[in-house]
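Here's the structure we're looking at; comments come further down.
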Amino acid sequence: MPTHAFGWVEPTCGLTRGSTAIVRGDLALAWRYNPSSYLVIAAGALGSVRFVSGAVTGRWLNARLHPRPLGWVAVALVVALLWAHQQRNAQFVMDSRA
């Protein structure tokens, strides 16, 4: 990333390495790379369950979210906290080669 030259990381930096660490069983390392890795793994697992369930039954589970303004504020707060966490670990995320 061009921003790494300035010591700046994005909220998504480390997602792949964090997800790989979860699959390998190193949960602490996954959290250090990117806490959102847990959401990526959970979404993948739920998507797999949805696919198998739909393929077997012929009925597909759909979910619709209609967040209210407070929900958007909560999402913005979580992203800001994630970004702050990533910035605290910027050197680790940029320099590690897992």
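Simple scheme: letters A, B, ... for chains in structure tokens order, numbers from 1 for residues in each chain, numbers from 1 for ligands in the order shown.
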
What's the 8 Å shell around Ala90 in chain A, counting only C-alpha atoms, without same-chain residues fewer than 4 positions away, as number ranges by chain? A: 7-9, 86, 94

Find the spatial neighbours of Trp83 in chain A, counting only C-alpha atoms, within a cut-off of 9 Å - ignore same-chain residues fewer than 5 positions away - and output them as a PyMOL selection string. chain A and resi 9-12+78+88

Residue contacts of Gln91 in chain A (12 Å, only C-alpha atoms) excluding same-chain residues fewer than 2 positions away, as a ChimeraX atom specification: /A:4-9,13-14,32-33,85-89,93-97

Step one, run DSSP on the backbone; step two, keep only residues of chain A assigned to alpha helix (DSSP H); then write them as a PyMOL selection string. chain A and resi 15-24+27-33+37-57+69-88+90-95

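The two atoms in question, CA of Val40 in chain A and CA of Ala55 in chain A, are spaced 22.3 Å apart.
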
Identify which of the residues A:Leu77, A:Ile41, A:Ala21, A:Leu46 lies closest to Ala63 in chain A, counting only C-alpha atoms when measuring atom-to-atom distances.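 Of all the options, A:Leu46 lies closest to Ala63 in chain A.
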
Find the residues around Asn62 in chain A up to 12 Å (only C-alpha atoms counted), leave out those fewer than 5 positions away in its own chain, and share them as a ChimeraX atom specification. /A:46-47,50-51,53-54

Using only N, CA, C and O atoms, please write the residues we just selected to a file, as an mmCIF file, in the first residue's frame.
```cif
data_model
loop_
_atom_site.group_PDB
_atom_site.id
_atom_site.type_symbol
_atom_site.label_atom_id
_atom_site.label_comp_id
_atom_site.auth_asym_id
_atom_site.auth_seq_id
_atom_site.Cartn_x
_atom_site.Cartn_y
_atom_site.Cartn_z
ATOM 1 N N LEU A 46 -20.926 -18.902 7.896
ATOM 2 C CA LEU A 46 -22.365 -18.722 7.697
ATOM 3 C C LEU A 46 -22.748 -18.866 6.223
ATOM 4 O O LEU A 46 -23.789 -19.443 5.904
ATOM 5 N N GLY A 47 -21.915 -18.341 5.346
ATOM 6 C CA GLY A 47 -22.176 -18.489 3.914
ATOM 7 C C GLY A 47 -22.138 -19.937 3.482
ATOM 8 O O GLY A 47 -22.952 -20.381 2.659
ATOM 9 N N ARG A 50 -25.301 -21.584 4.742
ATOM 10 C CA ARG A 50 -26.420 -21.146 3.900
ATOM 11 C C ARG A 50 -26.419 -21.892 2.569
ATOM 12 O O ARG A 50 -27.456 -22.335 2.087
ATOM 13 N N PHE A 51 -25.241 -22.034 1.970
ATOM 14 C CA PHE A 51 -25.151 -22.727 0.686
ATOM 15 C C PHE A 51 -25.565 -24.190 0.812
ATOM 16 O O PHE A 51 -26.367 -24.685 0.014
ATOM 17 N N SER A 53 -27.356 -25.627 3.163
ATOM 18 C CA SER A 53 -28.776 -25.698 3.510
ATOM 19 C C SER A 53 -29.657 -25.434 2.283
ATOM 20 O O SER A 53 -30.633 -26.152 2.054
ATOM 21 N N GLY A 54 -29.315 -24.439 1.511
ATOM 22 C CA GLY A 54 -30.094 -24.127 0.311
ATOM 23 C C GLY A 54 -30.005 -25.214 -0.739
ATOM 24 O O GLY A 54 -30.992 -25.543 -1.399
#
```
